[in-house]
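K.L.:
Please read through the structure below; I'll follow up with questions.
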Amino acid sequence: IRAAHDLLRGWQPDVVHAHDWLVTHPAIAIAEAARVPLVGTIHATEAGRHSGWLSHPLNQQVHSVEWWLANRADALITCSQAMRAEVAHLFEIDGADVTVIHNGIEERSWQVPAGEIARAREVYSPDGAPLLLYFGRLEWEKGVQDLLSALPRIRREHPGTRLVVAGKGRHFDELVDQSRRLRVRRAVDFVGHLSDRDLRAVLAAADAVVLPSRYEPFGIVALEAAAAKAPLVASTAGGLGEVVVHGETGLAFSPGDVTALADAVEAVLSDGDAATRRALAAQSRLAADFDWNRIAEATVAVYRRARPGEPAELGRPKIATGNAFGV
């Protein structure tokens with residue numbers, strides 16, 4: 001805030017754009033000092049990250065700041081229709097006033113030389129067995145536990161199937177323990193964080209990329225998989241249900257449904273030609289629906305429409321005493 005006030009002595013912004021709750025306080029202070037519109041983007045919610053529960057004081061404090069941003073902003077953006085509905089429900093605002101602007105991707109950099117793909121295949125599936133990939137944070141809401149639960153059945157139908165789990169997070173130890181209990185530990189490579197180059201090679205080498213999220217505001221990993229032309233299996237959680245069109249750009253299943261997850265993976269492994277057609281359709285959709293130039297234009301349009309509101313006294317945020325989603 002101090003740095004912004006120094007800046008405002010000789011420069012005037014047209015708009016202040018706050019991305020998520022961490023910058024709510026300075027963004028509001030700067031917008032009011034500059035007397036310009038405040039635009040807010042809410043990428044995820046504290047209630048959503050914790051399956052609807054705001055059980056601890058810190059959860060409630062974060063939720064309250066999110067509520068403050070959503071109700072104070074002169075224009076609000078979410079990254080998916082699902083997030084718009086979630087934000088409207090949690091923060092008591094009209095969903096019609098929220099603009100949905102999807103995330104995007106630069107697709108040209110995701111193509112990998114054949115030699116690098118072959119080396120990735122040799123590292124992670126040297127005997128040529130089917131290769132699955134999950135990449136992302138290792139948190140409960142990402143659903144990796146459901147993928148591990150499905151793996152024994154997948155391996156019975158497709159012997160030797162291997163899984164690469166790329167990423168870091170608080171759920172790592174529990175996932176390793178689960179893989180041991182399920183007796184698939186030797187079939188799972190927990191590789192931690194991969195460089196962009198190595199990740200792209202594994203993406204291109206995989207027979208299927210599996211995204212089993214329980215909660216997913218958007219799902220940019222699905223765009224990255226599509227850019228690499230990797231067959232997709234994804235849950236319908238949140239924005240993933242908008243990014244992955246079942247039967248057209250990938251195969252989808254309900255979040256937490258281990259049987260449906262296994263069915264979808266087996267369908268991909270059993271019909272590689274159909275999986276490839278869906279992967280190519282997913283890649284072709286990127287330029288039309290997830291191009292950064294179009295996303296930038298849509299964002300500028302929000303900036304141009306936004307007008308600073310009159311000072312208003314806000315009430316108190318609603319903090320659910322049970323599950324915030326009523327489940």
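Each chain in the structure tokens gets a letter, A, B and so on, in the order shown; residues start at 1 in every chain, and ligands are counted from 1 in the order they appear.
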Using only C-alpha atoms, I'd like a table of the residues in range 24-61 of chain A that come within 12 Å of range 99-120 of chain A; for each, show the closest atom pair and its distance in Å rounded to one decimal, ordered by chain and ascending number, as a Markdown table.

P.N.:
```
| residue | atom | partner | partner_atom | distance |
| --- | --- | --- | --- | --- |
| A:Val39 | CA | A:Thr99 | CA | 10.7 |
| A:Gly40 | CA | A:Thr99 | CA | 10.3 |
| A:Thr41 | CA | A:Thr99 | CA | 9.4 |
| A:Ile42 | CA | A:Val100 | CA | 10.5 |
| A:His43 | CA | A:Asn103 | CA | 10.0 |
```

K.L.:
Excluding same-chain residues fewer than 6 positions from range 310-312 of chain A, what lies within 12 Å of it counting only C-alpha atoms, as a VMD selection string?

P.N.:
chain A and resid 28 31 to 32 35 to 38 68 71 to 74

K.L.:
Determine the nearest neighbour of Ala281 in chain A from the options A:Arg180, A:Lys229, A:His63, A:Arg162, counting only C-alpha atoms.

P.N.:
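Result for the nearest residue to Ala281 in chain A: A:Lys229.
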
K.L.:
Excluding Val144 in chain A and any residue of its chain fewer than 5 positions from it, enumerate the residues within 12 Å of it, using only C-alpha atoms, and give them as a ChimeraX atom specification.

P.N.:
/A:133-139,149-151,163-169,171-172,174-176,178-179,188,190,210-215,234-235,255-256,258,261

K.L.:
For Ala129 in chain A, find every residue with an atom within 12 Å (counting only C-alpha atoms), except residues of its own chain fewer than 4 positions away, and show them as an NGL selection string.

P.N.:
:A and (121-125 or 155 or 158-163 or 187 or 205-207 or 269)

K.L.:
Go ahead and dump the residues you just picked, N, CA and C atoms, as a short mmCIF file (atom, residue, chain, number, x, y, z; two decimals), in the first residue's frame.

P.N.:
```
data_model
loop_
_atom_site.label_atom_id
_atom_site.label_comp_id
_atom_site.auth_asym_id
_atom_site.auth_seq_id
_atom_site.Cartn_x
_atom_site.Cartn_y
_atom_site.Cartn_z
N ARG A 121 9.24 -42.70 -22.48
CA ARG A 121 8.58 -44.00 -22.48
C ARG A 121 9.52 -45.08 -21.94
N GLU A 122 10.78 -44.99 -22.31
CA GLU A 122 11.76 -45.97 -21.84
C GLU A 122 11.97 -45.87 -20.34
N VAL A 123 11.94 -44.66 -19.80
CA VAL A 123 12.14 -44.47 -18.36
C VAL A 123 10.95 -45.00 -17.56
N TYR A 124 9.73 -44.66 -17.99
CA TYR A 124 8.56 -44.92 -17.16
C TYR A 124 7.79 -46.18 -17.54
N SER A 125 8.00 -46.70 -18.73
CA SER A 125 7.35 -47.95 -19.14
C SER A 125 8.27 -48.71 -20.08
N ARG A 155 -5.19 -52.54 -13.71
CA ARG A 155 -4.06 -53.45 -13.98
C ARG A 155 -4.52 -54.89 -14.21
N HIS A 158 -5.66 -54.56 -17.80
CA HIS A 158 -4.54 -54.20 -18.69
C HIS A 158 -3.24 -54.43 -17.91
N PRO A 159 -2.79 -55.68 -17.86
CA PRO A 159 -1.64 -56.06 -17.03
C PRO A 159 -0.41 -55.20 -17.30
N GLY A 160 0.25 -54.86 -16.20
CA GLY A 160 1.49 -54.10 -16.30
C GLY A 160 1.31 -52.60 -16.34
N THR A 161 0.07 -52.10 -16.39
CA THR A 161 -0.16 -50.66 -16.47
C THR A 161 0.60 -49.93 -15.37
N ARG A 162 1.26 -48.84 -15.75
CA ARG A 162 2.03 -48.04 -14.81
C ARG A 162 1.44 -46.64 -14.71
N LEU A 163 1.70 -45.99 -13.58
CA LEU A 163 1.19 -44.65 -13.32
C LEU A 163 2.33 -43.75 -12.87
N ALA A 187 4.18 -50.12 -9.14
CA ALA A 187 3.62 -49.69 -10.43
C ALA A 187 3.43 -48.18 -10.50
N ALA A 205 4.13 -39.04 -24.08
CA ALA A 205 4.37 -40.48 -24.04
C ALA A 205 3.22 -41.25 -23.42
N ALA A 206 2.37 -40.57 -22.63
CA ALA A 206 1.33 -41.26 -21.88
C ALA A 206 0.21 -41.77 -22.78
N ASP A 207 -0.33 -42.93 -22.42
CA ASP A 207 -1.52 -43.45 -23.11
C ASP A 207 -2.78 -42.74 -22.64
N LEU A 269 -7.64 -47.22 -22.95
CA LEU A 269 -6.59 -48.20 -23.22
C LEU A 269 -7.06 -49.27 -24.20
#
```

K.L.:
Which one of A:Ile1, A:Ala306, A:Val233, A:Ala324 sits closest to Thr45 in chain A if you count only C-alpha atoms?

P.N.:
A:Ala324

K.L.:
Looking only at the backbone, which of the residues in range 73-282 of chain A does DSSP tag as alpha helix (DSSP H), as number ranges by chain?

P.N.:
A: 81-91, 114-124, 144-157, 172-181, 196-205, 220-227, 240-243, 258-270, 272-282

K.L.:
Check the smallest atom-to-atom distance from each of A:Ile220, A:Ala274, A:Ala287, A:Ala34 to Gly238 in chain A using only C-alpha atoms, then report the winner.

P.N.:
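Closest to Gly238 in chain A of all the choices is A:Ile220.
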
K.L.:
So what do you get for CA of Glu313 in chain A versus CA of Ala44 in chain A, distance-wise?

P.N.:
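Rounded to one decimal, the two atoms are 25.2 Å apart.
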
K.L.:
Can you tell me, as a short mmCIF file (atom, residue, chain, number, x, y, z; two decimals) with N, CA and C atoms, in the first residue's frame, what residues are no more than 7 Å from range 244-250 of chain A when counting only C-alpha atoms, ignoring any on the same chain fewer than 6 positions away?

P.N.:
```cif
data_model
loop_
_atom_site.label_atom_id
_atom_site.label_comp_id
_atom_site.auth_asym_id
_atom_site.auth_seq_id
_atom_site.Cartn_x
_atom_site.Cartn_y
_atom_site.Cartn_z
N PRO A 231 -4.44 -38.21 -24.70
CA PRO A 231 -5.81 -38.61 -24.39
C PRO A 231 -6.18 -38.27 -22.95
N LEU A 232 -7.37 -37.73 -22.76
CA LEU A 232 -7.79 -37.21 -21.47
C LEU A 232 -8.88 -38.05 -20.83
N VAL A 233 -8.71 -38.30 -19.53
CA VAL A 233 -9.77 -38.84 -18.69
C VAL A 233 -9.88 -37.89 -17.50
N ARG A 278 -10.18 -38.17 -30.04
CA ARG A 278 -10.63 -37.22 -29.02
C ARG A 278 -9.50 -36.25 -28.64
N ALA A 279 -8.28 -36.76 -28.56
CA ALA A 279 -7.14 -35.91 -28.21
C ALA A 279 -6.93 -34.84 -29.27
N ALA A 281 -9.22 -33.63 -31.24
CA ALA A 281 -10.34 -32.69 -31.13
C ALA A 281 -10.11 -31.71 -29.98
N ALA A 282 -9.54 -32.23 -28.88
CA ALA A 282 -9.25 -31.35 -27.74
C ALA A 282 -8.21 -30.30 -28.12
#
```

K.L.:
So how far away is CA of Leu131 in chain A from CA of Val191 in chain A, in Å?

P.N.:
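Between CA of Val191 in chain A and CA of Leu131 in chain A the gap is 14.1 Å.
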
K.L.:
What's the 12 Å shell around Leu54 in chain A, counting only C-alpha atoms, without same-chain residues fewer than 3 positions away, as a ChimeraX atom specification?

P.N.:
/A:45-51,57-64,90,318-325

K.L.:
Would you output that residue set with C-alpha atoms, as a short mmCIF file (atom, residue, chain, number, x, y, z; two decimals), in the first residue's frame?

P.N.:
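Written out: out-v7.cif:
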```
data_model
loop_
_atom_site.label_atom_id
_atom_site.label_comp_id
_atom_site.auth_asym_id
_atom_site.auth_seq_id
_atom_site.Cartn_x
_atom_site.Cartn_y
_atom_site.Cartn_z
CA THR A 45 -12.86 -20.40 -2.67
CA GLU A 46 -11.87 -21.50 0.81
CA ALA A 47 -15.15 -23.41 1.17
CA GLY A 48 -14.58 -25.15 -2.15
CA ARG A 49 -11.03 -26.13 -1.24
CA HIS A 50 -12.35 -27.75 1.95
CA SER A 51 -15.41 -29.52 0.49
CA PRO A 57 -10.89 -19.80 12.49
CA LEU A 58 -8.36 -19.45 9.64
CA ASN A 59 -10.83 -20.96 7.13
CA GLN A 60 -13.50 -18.55 8.32
CA GLN A 61 -11.13 -15.58 8.10
CA VAL A 62 -10.13 -16.42 4.52
CA HIS A 63 -13.80 -16.91 3.58
CA SER A 64 -14.62 -13.51 5.11
CA LEU A 90 -21.23 -18.39 -1.08
CA LYS A 318 -22.34 -15.28 5.99
CA ILE A 319 -20.33 -18.12 7.51
CA ALA A 320 -22.09 -21.46 7.34
CA THR A 321 -22.35 -23.42 10.57
CA GLY A 322 -22.57 -26.66 8.58
CA ASN A 323 -21.52 -27.50 5.06
CA ALA A 324 -21.59 -24.29 3.01
CA PHE A 325 -22.90 -26.19 0.00
#
```

K.L.:
Excluding Ser270 in chain A and residues on its chain fewer than 4 positions from it, collect all residues at most 12 Å away from it, counting only C-alpha atoms, and give them as a VMD selection string.

P.N.:
chain A and resid 130 154 157 to 158 207 to 208 262 to 266 274 to 276

K.L.:
Export, as a short mmCIF file (atom, residue, chain, number, x, y, z; two decimals), in the first residue's frame, the selected residues with C-alpha atoms.

P.N.:
```cif
data_model
loop_
_atom_site.label_atom_id
_atom_site.label_comp_id
_atom_site.auth_asym_id
_atom_site.auth_seq_id
_atom_site.Cartn_x
_atom_site.Cartn_y
_atom_site.Cartn_z
CA PRO A 130 0.21 -48.89 -20.77
CA ILE A 154 -7.14 -51.25 -14.31
CA GLU A 157 -7.76 -55.60 -17.22
CA HIS A 158 -4.54 -54.20 -18.69
CA ASP A 207 -1.52 -43.45 -23.11
CA ALA A 208 -3.88 -41.42 -20.93
CA ALA A 262 -11.65 -47.18 -14.00
CA ASP A 263 -14.23 -47.70 -16.79
CA ALA A 264 -13.07 -44.53 -18.55
CA VAL A 265 -9.38 -45.40 -18.33
CA GLU A 266 -10.05 -48.92 -19.59
CA ALA A 274 -10.82 -43.38 -30.59
CA ALA A 275 -8.66 -41.90 -27.82
CA THR A 276 -6.40 -40.29 -30.42
#
```

K.L.:
I'd like to know which of A:Lys142, A:Ser55, A:Ala27, A:Ala18 is closest to Leu76 in chain A, using only C-alpha atoms.

P.N.:
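Comparing A:Lys142, A:Ser55, A:Ala27, A:Ala18 against Leu76 in chain A, the winner is A:Ala18.
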
K.L.:
What residues in range 136-327 of chain A get the DSSP label strand (DSSP E or B)? Please answer as a ChimeraX atom specification.

P.N.:
/A:162-166,188-192,208-211,232-235,246,250-253
